[in-house]
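With compact mmCIF, C-alpha atoms and all ligand atoms inside, this is query.txt:
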```
# COMPACT_ATOMS: atom_id res chain seq x y z
CA ARG H 6 -221.44 62.71 32.59
CA ARG H 7 -221.26 60.96 35.88
CA GLY H 8 -224.85 59.85 35.61
CA ARG H 9 -224.30 58.04 32.34
CA ASN H 10 -221.70 55.68 33.83
CA ALA H 11 -222.87 52.20 34.70
CA ARG H 12 -223.14 51.67 38.42
CA ALA H 13 -220.66 49.40 40.11
CA ASP H 14 -221.99 45.94 40.94
CA TYR H 15 -221.43 45.46 44.65
CA VAL H 16 -222.89 41.92 44.75
CA GLY H 17 -221.11 40.13 41.90
CA VAL H 18 -222.00 36.74 40.43
CA THR H 19 -224.48 34.91 42.60
CA SER H 20 -224.87 31.67 40.62
CA HIS H 21 -222.61 28.72 41.55
CA THR H 22 -222.37 27.37 38.01
CA SER H 23 -218.67 28.15 37.61
CA SER H 24 -217.82 26.37 40.87
CA TYR H 25 -219.71 23.26 39.71
CA VAL H 26 -217.98 23.35 36.32
CA GLU H 27 -214.63 23.66 38.04
CA LEU H 28 -215.40 20.74 40.34
CA ALA H 29 -216.51 18.64 37.37
CA VAL H 30 -213.27 19.41 35.51
CA ALA H 31 -211.24 18.46 38.60
CA ALA H 32 -213.21 15.20 38.95
CA VAL H 33 -212.61 14.28 35.29
CA GLU H 34 -208.91 14.98 35.72
CA VAL H 35 -208.70 12.76 38.79
CA ILE H 36 -210.42 9.94 36.85
CA LEU H 37 -208.02 10.36 33.90
CA LEU H 38 -204.98 10.33 36.17
CA VAL H 39 -205.91 7.58 38.63
CA GLY H 40 -208.07 5.49 36.31
CA PHE H 41 -205.98 5.61 33.15
CA ALA H 42 -202.58 7.30 33.36
CA VAL H 43 -201.25 5.60 36.50
CA PRO H 44 -202.29 2.02 35.51
CA LEU H 45 -201.04 2.56 31.95
CA TRP H 46 -197.66 3.78 33.21
CA ALA H 47 -197.46 0.82 35.57
CA LYS H 48 -198.18 -1.57 32.72
CA VAL H 49 -196.03 -0.02 30.00
CA VAL H 50 -193.06 1.35 31.92
CA ASP H 51 -192.72 -0.18 35.38
CA LYS H 52 -193.46 -3.79 34.52
CA PHE H 53 -190.32 -5.28 33.04
CA PRO H 54 -190.40 -8.25 30.68
CA SER H 55 -188.88 -11.42 32.08
CA GLU H 56 -185.12 -11.52 31.67
CA LYS H 57 -185.30 -14.96 30.08
CA GLU H 58 -187.40 -13.70 27.21
CA ALA H 59 -185.56 -10.45 26.76
CA GLN H 60 -182.33 -9.45 25.10
CA LEU H 61 -180.13 -8.08 27.85
CA MET H 62 -177.62 -5.37 27.18
CA ARG H 63 -175.72 -2.59 28.87
CA ILE H 64 -175.26 0.85 27.45
CA THR H 65 -172.52 3.14 28.65
CA ALA H 66 -172.34 6.85 28.04
CA GLN H 67 -169.13 8.82 28.06
CA GLN H 68 -168.11 12.25 26.84
CA PHE H 69 -169.25 12.15 24.00
CA ALA H 70 -170.28 8.75 22.73
CA TRP H 71 -172.35 5.64 23.43
CA SER H 72 -171.16 2.07 23.70
CA ALA H 73 -172.90 -1.24 24.33
CA ARG H 74 -172.22 -4.66 25.84
CA TYR H 75 -174.06 -7.91 25.27
CA PRO H 76 -173.84 -11.04 27.42
CA GLY H 77 -173.31 -13.53 24.58
CA ALA H 78 -175.02 -16.90 24.24
CA ASP H 79 -174.91 -17.76 27.96
CA GLY H 80 -177.00 -14.70 28.83
CA LYS H 81 -174.56 -13.74 31.57
CA PHE H 82 -172.30 -10.72 31.70
CA GLY H 83 -168.65 -11.12 32.59
CA LYS H 84 -167.29 -9.74 35.81
CA GLN H 85 -166.02 -6.24 36.36
CA ASP H 86 -163.60 -5.04 39.00
CA ILE H 87 -163.03 -1.42 39.87
CA LYS H 88 -159.35 -2.17 40.52
CA LEU H 89 -158.91 -3.05 36.85
CA VAL H 90 -160.23 0.27 35.59
CA THR H 91 -157.69 1.98 33.33
CA PRO H 92 -158.06 4.28 30.32
CA SER H 93 -157.92 1.25 28.04
CA ASN H 94 -160.27 -0.79 30.26
CA PRO H 95 -162.74 1.81 31.50
CA LEU H 96 -165.29 -0.79 32.58
CA GLY H 97 -162.75 -2.85 34.52
CA LEU H 98 -163.57 -6.00 32.55
CA LEU H 99 -161.81 -9.15 33.71
CA GLN H 100 -161.83 -10.25 30.08
CA LEU H 101 -159.37 -7.51 29.22
CA ASP H 102 -156.93 -8.67 31.87
CA GLU H 103 -154.61 -11.40 30.61
CA LYS H 104 -154.21 -13.02 34.04
CA LEU H 105 -157.79 -12.79 35.27
CA LYS H 106 -159.76 -13.62 32.14
CA ALA H 107 -159.54 -17.35 32.89
CA GLU H 108 -161.46 -16.78 36.13
CA ASP H 109 -164.34 -15.25 34.25
CA PRO H 110 -166.05 -17.86 32.06
CA ASP H 111 -169.27 -15.81 31.82
CA GLY H 112 -167.41 -13.01 30.12
CA GLN H 113 -165.72 -15.09 27.46
CA ASP H 114 -168.53 -14.76 24.95
CA ASP H 115 -169.50 -11.21 25.89
CA VAL H 116 -169.68 -8.70 23.10
CA ASN H 117 -168.19 -5.34 23.99
CA LEU H 118 -168.73 -2.81 21.26
CA PRO H 119 -166.35 0.12 21.13
CA ALA H 120 -167.85 3.56 21.48
CA ASN H 121 -169.28 5.14 18.36
CA THR H 122 -170.18 1.88 16.68
CA GLU H 123 -173.72 0.99 15.74
CA ILE H 124 -175.70 -0.54 18.59
CA VAL H 125 -177.84 -3.39 17.27
CA VAL H 126 -181.08 -4.77 18.76
CA PRO H 127 -183.61 -7.32 17.50
CA VAL H 128 -187.06 -6.32 16.28
CA GLY H 129 -190.14 -7.59 18.12
CA LYS H 130 -188.18 -8.89 21.11
CA PRO H 131 -188.16 -7.13 24.47
CA VAL H 132 -184.84 -5.48 25.20
CA ILE H 133 -183.68 -4.73 28.73
CA ALA H 134 -180.82 -2.26 28.67
CA SER H 135 -179.00 -1.02 31.74
CA ILE H 136 -177.83 2.53 31.33
CA THR H 137 -174.76 3.95 33.00
CA SER H 138 -172.09 6.59 32.49
CA LEU H 139 -168.32 6.72 32.78
CA ASP H 140 -168.01 10.39 33.59
CA VAL H 141 -170.81 12.94 33.93
CA ILE H 142 -174.58 12.62 33.77
CA HIS H 143 -175.84 11.92 30.26
CA SER H 144 -179.26 10.82 29.11
CA PHE H 145 -180.00 8.00 26.69
CA LYS H 146 -182.78 9.09 24.39
CA VAL H 147 -184.23 7.34 21.37
CA PHE H 148 -187.16 9.42 20.31
CA SER H 149 -188.77 6.78 18.05
CA LEU H 150 -188.81 4.24 20.88
CA ARG H 151 -190.19 6.73 23.41
CA VAL H 152 -187.22 5.93 25.60
CA THR H 153 -185.32 8.41 27.75
CA GLN H 154 -183.20 7.56 30.75
CA ASP H 155 -180.52 9.51 32.56
CA ALA H 156 -177.12 7.82 32.51
CA ILE H 157 -175.63 8.38 35.94
CA PRO H 158 -172.07 7.44 36.89
CA GLY H 159 -172.03 4.75 39.57
CA MET H 160 -175.58 3.64 38.84
CA ARG H 161 -176.93 0.99 36.50
CA ILE H 162 -180.48 1.94 35.59
CA PRO H 163 -182.53 -0.53 33.54
CA ILE H 164 -184.95 0.45 30.80
CA HIS H 165 -186.97 -1.78 28.53
CA PHE H 166 -188.53 -1.45 25.12
CA VAL H 167 -189.72 -3.47 22.15
CA ALA H 168 -188.69 -2.10 18.78
CA THR H 169 -191.50 -2.77 16.32
CA LYS H 170 -189.85 -1.73 13.05
CA THR H 171 -186.49 -2.49 11.52
CA ASN H 172 -184.63 0.71 10.85
CA THR H 173 -181.70 2.73 12.14
CA TYR H 174 -182.63 5.24 14.78
CA GLN H 175 -180.65 8.07 16.25
CA ILE H 176 -179.58 7.97 19.88
CA ASN H 177 -179.36 11.41 21.40
CA CYS H 178 -177.93 12.65 24.64
CA ALA H 179 -180.75 14.45 26.41
CA GLN H 180 -178.68 15.92 29.21
CA LEU H 181 -176.30 18.84 28.71
CA CYS H 182 -173.00 17.10 29.39
CA GLY H 183 -170.20 19.28 28.05
CA VAL H 184 -168.90 20.94 24.90
CA GLY H 185 -169.53 17.89 22.73
CA HIS H 186 -173.08 17.37 23.97
CA SER H 187 -174.81 18.45 20.78
CA ASN H 188 -172.72 15.98 18.82
CA MET H 189 -173.23 13.05 21.18
CA LYS H 190 -175.20 10.95 18.74
CA GLY H 191 -175.33 7.23 18.36
CA ALA H 192 -177.00 4.82 15.98
CA LEU H 193 -179.44 2.16 17.13
CA LYS H 194 -179.99 -0.40 14.42
CA VAL H 195 -183.07 -2.61 14.67
CA VAL H 196 -182.75 -5.83 12.69
CA SER H 197 -184.64 -9.11 12.38
CA LEU H 198 -184.00 -11.70 15.08
CA PRO H 199 -181.97 -14.10 12.86
CA GLU H 200 -179.94 -11.18 11.60
CA PHE H 201 -179.33 -10.07 15.17
CA ASP H 202 -178.26 -13.53 16.31
CA ALA H 203 -175.85 -13.83 13.40
CA TRP H 204 -174.46 -10.38 14.09
CA LEU H 205 -173.96 -11.14 17.80
CA LYS H 206 -172.26 -14.42 16.96
CA SER H 207 -169.90 -12.73 14.53
CA LYS H 208 -168.98 -10.20 17.21
CA ALA H 209 -168.59 -12.78 19.98
CA SER H 210 -165.74 -14.52 18.23
CA ALA H 211 -163.85 -11.25 18.06
CA LYS H 212 -161.59 -10.23 20.92
CA PRO H 213 -162.96 -7.84 23.51
CA VAL H 214 -162.22 -4.31 22.50
CA SER H 215 -161.31 -1.35 24.59
CA PHE H 216 -163.00 2.00 24.21
CA GLU H 217 -160.20 4.01 22.68
CU CU E 301 -174.06 13.39 26.98
```
As structure tokens, the full file:
Amino acid sequence: RRGRNARADYVGVTSHTSSYVELAVAAVEVILLVGFAVPLWAKVVDKFPSEKEAQLMRITAQQFAWSARYPGADGKFGKQDIKLVTPSNPLGLLQLDEKLKAEDPDGQDDVNLPANTEIVVPVGKPVIASITSLDVIHSFKVFSLRVTQDAIPGMRIPIHFVATKTNTYQINCAQLCGVGHSNMKGALKVVSLPEFDAWLKSKASAKPVSFE
């Protein structure tokens, strides 16, 4: 019985083909990464559109909702002061302070949407949105726009995108942030540029609103 067993091979594979194949695969991967992936990322993600041509906005996460601010026609956001932060003025907006609002002309036409209202952006125009959070770490995710960015309290992190189709998309929170996390949905409505301008104008004439 012993004699019928195959003999052990004490030499093993002597050809170097598999090493060459492995080297070739590694070389192709390096080319894909350095030649394509890194430049593409630099072009698509890192290079921001110019602020003059873009629609600026700020998006704030809180347990468990999203809210947005727009700078109004002047393109400038109003001032914020940490000393003014209260439950009804969580962003410390000077505009919400009766005495100080006169010192803040930039903020007069700002549009501050309350949480849980539709966030509107124009189609075909670059949008630069700064993402932040009022409480814990959240993550702003709009799957259709290929956009995901952590919302970190104390930081204002800009993202940019161009929406190419008018529609209403779902905003999800992509960071486990508490009991209401799974329900932390928002709506991002993409509309035509004239429609957006009209909408922003209609909101600008309204008084600034607090979150609650
Ligand atoms: Cu969240």
Problem set entry | Residue contacts of Thr171 of chain H (8 Å, all atoms listed in the file) excluding same-chain residues fewer than 4 positions away, as a list in words |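 Using all atoms listed in the file, the neighbours found are Val128, Lys194, Val195, Val196 and Ser197 of chain H.
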Exercise. List as number ranges by chain: which residues have an atom within 6 Å of (-166.3, -15.2, 37.9), counting all atoms listed in the file?
Worked result: H: 84, 108-109
At most 9 Å is the cut-off: for each residue in chain H with any atom that close to an atom of ligand CU 301 (chain E), write down the nearest atom pair and the distance in Å rounded to one decimal, counting only C-alpha atoms and all ligand atoms, chain first then increasing number, as a tab-separated table.
```
residue	atom	partner	partner_atom	distance
H:Ala66	CA	E:CU301	CU	6.8
H:Gln67	CA	E:CU301	CU	6.8
H:Gln68	CA	E:CU301	CU	6.1
H:Phe69	CA	E:CU301	CU	5.8
H:Ala70	CA	E:CU301	CU	7.3
H:Trp71	CA	E:CU301	CU	8.7
H:Ser138	CA	E:CU301	CU	9.0
H:Val141	CA	E:CU301	CU	7.7
H:Ile142	CA	E:CU301	CU	6.9
H:His143	CA	E:CU301	CU	4.0
H:Ser144	CA	E:CU301	CU	6.2
H:Phe145	CA	E:CU301	CU	8.0
H:Ala156	CA	E:CU301	CU	8.4
H:Asn177	CA	E:CU301	CU	7.9
H:Cys178	CA	E:CU301	CU	4.6
H:Ala179	CA	E:CU301	CU	6.8
H:Gln180	CA	E:CU301	CU	5.7
H:Leu181	CA	E:CU301	CU	6.1
H:Cys182	CA	E:CU301	CU	4.5
H:Gly183	CA	E:CU301	CU	7.1
H:Gly185	CA	E:CU301	CU	7.7
H:His186	CA	E:CU301	CU	5.1
H:Ser187	CA	E:CU301	CU	8.0
H:Asn188	CA	E:CU301	CU	8.7
H:Met189	CA	E:CU301	CU	5.9
H:Lys190	CA	E:CU301	CU	8.7
```
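Going from atom CA of Ile157 of chain H over to atom CA of Lys170 of chain H, you cover 28.8 Å.
Here atom CA of Asp86 of chain H stands at a distance of 6.9 Å from atom CA of Leu99 of chain H.
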Exercise. So what do you get for atom CA of Lys130 of chain H versus atom CA of Leu61 of chain H, distance-wise?
Worked result: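 We find that atom CA of Lys130 of chain H and atom CA of Leu61 of chain H lie 10.5 Å from each other.
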For this session: Pick out the closest residue to Asn121 of chain H from this set: H:Tyr25, H:Ala192, H:Ala32, H:Ala11. Count only C-alpha atoms.
Result: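 Looking at the shortest contact to Asn121 of chain H, the residue is H:Ala192.
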Please identify all polymer residues within 6 Å of Asp111 of chain H, counting only C-alpha atoms, omitting same-chain residues fewer than 4 positions from it, and present them as a PDB file with C-alpha atoms, keeping the file's coordinate frame.
```pdb
ATOM      1  CA  LYS H  81    -174.560 -13.740  31.570  1.00  0.00           C
ATOM      2  CA  PHE H  82    -172.300 -10.720  31.700  1.00  0.00           C
ATOM      3  CA  GLY H  83    -168.650 -11.120  32.590  1.00  0.00           C
TER       4      GLY H  83
END
```
Exercise. Given the choices H:Pro119, H:Ala78, H:Pro92, H:Gly129, which gets closest to Asp202 of chain H if the distance is worked out from all atoms listed in the file?
Worked result: H:Ala78
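Distances to Ile87 of chain H were evaluated for H:Leu150, H:Glu58, H:Ile136, H:Gly159 using all atoms listed in the file, and the minimum falls at H:Gly159.
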Exercise. Out of H:Ala203, H:Val50, H:Leu139, H:Val126, which residue has the shortest atom-to-atom distance to Gln154 of chain H when counting only C-alpha atoms?
Worked result: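 Looking at the shortest contact to Gln154 of chain H, the residue is H:Val50.
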Exercise. Given the choices H:Val16, H:Ala29, H:Met62, H:Leu45, which gets closest to Val125 of chain H if the distance is worked out from only C-alpha atoms?
Worked result: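 For Val125 of chain H, the nearest of the candidates is H:Met62.
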For this session: Select, from H:Ile64, H:Phe201, H:Gly191, H:Gly97, the residue with the minimum atom-to-atom distance to Asp155 of chain H, counting all atoms listed in the file.
Result: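 Among the listed residues, H:Ile64 lies closest to Asp155 of chain H.
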Would you give the centre and edge lengths, in Å to one decimal, of a box along x, y and z around the listed atoms of segment 86-101 of chain H, with 4 Å added to each side, as AutoDock Vina command-line options?
```
--center_x -161.5 --center_y -3.0 --center_z 34.3 --size_x 15.6 --size_y 22.5 --size_z 20.5
```
For this session: Quick one: everything within 7 Å of Ala73 of chain H, counting only C-alpha atoms, minus sequence neighbours fewer than 5 positions away in the same chain. Send it as a ChimeraX atom specification.
Result: /H:62-65,117-118,124
Generate the coordinates of N, CA, C and O atoms for segment 74-98 of chain H; report them as a CSV table (one decimal), in the frame of the given file.
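Now in selection_27.csv:
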```csv
chain,number,residue,atom,x,y,z
H,74,ARG,N,-172.7,-3.3,25.5
H,74,ARG,CA,-172.2,-4.7,25.8
H,74,ARG,C,-173.4,-5.6,25.7
H,74,ARG,O,-174.5,-5.3,26.1
H,75,TYR,N,-173.1,-6.8,25.3
H,75,TYR,CA,-174.1,-7.9,25.3
H,75,TYR,C,-173.5,-9.1,26.0
H,75,TYR,O,-172.3,-9.4,25.9
H,76,PRO,N,-174.4,-9.9,26.6
H,76,PRO,CA,-173.8,-11.0,27.4
H,76,PRO,C,-173.4,-12.3,26.6
H,76,PRO,O,-173.0,-13.2,27.2
H,77,GLY,N,-173.7,-12.3,25.3
H,77,GLY,CA,-173.3,-13.5,24.6
H,77,GLY,C,-174.3,-14.6,24.8
H,77,GLY,O,-175.4,-14.4,25.4
H,78,ALA,N,-174.0,-15.8,24.3
H,78,ALA,CA,-175.0,-16.9,24.2
H,78,ALA,C,-175.4,-17.4,25.6
H,78,ALA,O,-176.6,-17.8,25.8
H,79,ASP,N,-174.6,-17.3,26.6
H,79,ASP,CA,-174.9,-17.8,28.0
H,79,ASP,C,-175.9,-16.8,28.7
H,79,ASP,O,-176.4,-17.2,29.8
H,80,GLY,N,-176.1,-15.6,28.2
H,80,GLY,CA,-177.0,-14.7,28.8
H,80,GLY,C,-176.4,-14.1,30.1
H,80,GLY,O,-177.2,-13.4,30.8
H,81,LYS,N,-175.2,-14.3,30.4
H,81,LYS,CA,-174.6,-13.7,31.6
H,81,LYS,C,-173.4,-12.8,31.2
H,81,LYS,O,-172.6,-13.1,30.4
H,82,PHE,N,-173.4,-11.7,31.9
H,82,PHE,CA,-172.3,-10.7,31.7
H,82,PHE,C,-171.1,-11.2,32.5
H,82,PHE,O,-171.2,-11.7,33.6
H,83,GLY,N,-169.9,-10.9,31.9
H,83,GLY,CA,-168.6,-11.1,32.6
H,83,GLY,C,-168.5,-10.2,33.8
H,83,GLY,O,-169.2,-9.2,33.9
H,84,LYS,N,-167.5,-10.5,34.6
H,84,LYS,CA,-167.3,-9.7,35.8
H,84,LYS,C,-166.5,-8.4,35.5
H,84,LYS,O,-165.8,-8.3,34.6
H,85,GLN,N,-166.8,-7.5,36.4
H,85,GLN,CA,-166.0,-6.2,36.4
H,85,GLN,C,-165.4,-6.0,37.7
H,85,GLN,O,-165.9,-6.4,38.7
H,86,ASP,N,-164.3,-5.3,37.7
H,86,ASP,CA,-163.6,-5.0,39.0
H,86,ASP,C,-163.1,-3.6,38.9
H,86,ASP,O,-162.3,-3.3,38.0
H,87,ILE,N,-163.4,-2.8,39.9
H,87,ILE,CA,-163.0,-1.4,39.9
H,87,ILE,C,-161.5,-1.3,39.9
H,87,ILE,O,-161.0,-0.3,39.4
H,88,LYS,N,-160.8,-2.3,40.4
H,88,LYS,CA,-159.4,-2.2,40.5
H,88,LYS,C,-158.7,-2.3,39.1
H,88,LYS,O,-157.5,-2.0,39.0
H,89,LEU,N,-159.5,-2.8,38.2
H,89,LEU,CA,-158.9,-3.0,36.8
H,89,LEU,C,-159.2,-1.9,35.9
H,89,LEU,O,-158.7,-1.9,34.8
H,90,VAL,N,-159.9,-0.9,36.4
H,90,VAL,CA,-160.2,0.3,35.6
H,90,VAL,C,-159.0,1.1,35.2
H,90,VAL,O,-158.2,1.5,36.0
H,91,THR,N,-158.8,1.2,33.9
H,91,THR,CA,-157.7,2.0,33.3
H,91,THR,C,-158.3,2.7,32.1
H,91,THR,O,-159.4,2.3,31.7
H,92,PRO,N,-157.5,3.6,31.5
H,92,PRO,CA,-158.1,4.3,30.3
H,92,PRO,C,-158.4,3.3,29.2
H,92,PRO,O,-159.3,3.5,28.5
H,93,SER,N,-157.6,2.2,29.1
H,93,SER,CA,-157.9,1.2,28.0
H,93,SER,C,-158.9,0.2,28.5
H,93,SER,O,-159.4,-0.6,27.7
H,94,ASN,N,-159.3,0.1,29.8
H,94,ASN,CA,-160.3,-0.8,30.3
H,94,ASN,C,-161.2,0.0,31.2
H,94,ASN,O,-161.2,-0.3,32.4
H,95,PRO,N,-162.0,0.9,30.6
H,95,PRO,CA,-162.7,1.8,31.5
H,95,PRO,C,-163.8,1.1,32.3
H,95,PRO,O,-164.3,1.6,33.3
H,96,LEU,N,-164.2,-0.1,31.8
H,96,LEU,CA,-165.3,-0.8,32.6
H,96,LEU,C,-164.7,-1.8,33.6
H,96,LEU,O,-165.4,-2.5,34.3
H,97,GLY,N,-163.4,-1.9,33.6
H,97,GLY,CA,-162.8,-2.8,34.5
H,97,GLY,C,-163.1,-4.3,34.2
H,97,GLY,O,-163.3,-5.1,35.1
H,98,LEU,N,-163.2,-4.6,32.9
H,98,LEU,CA,-163.6,-6.0,32.6
H,98,LEU,C,-162.4,-7.0,32.8
H,98,LEU,O,-161.3,-6.8,32.5
```
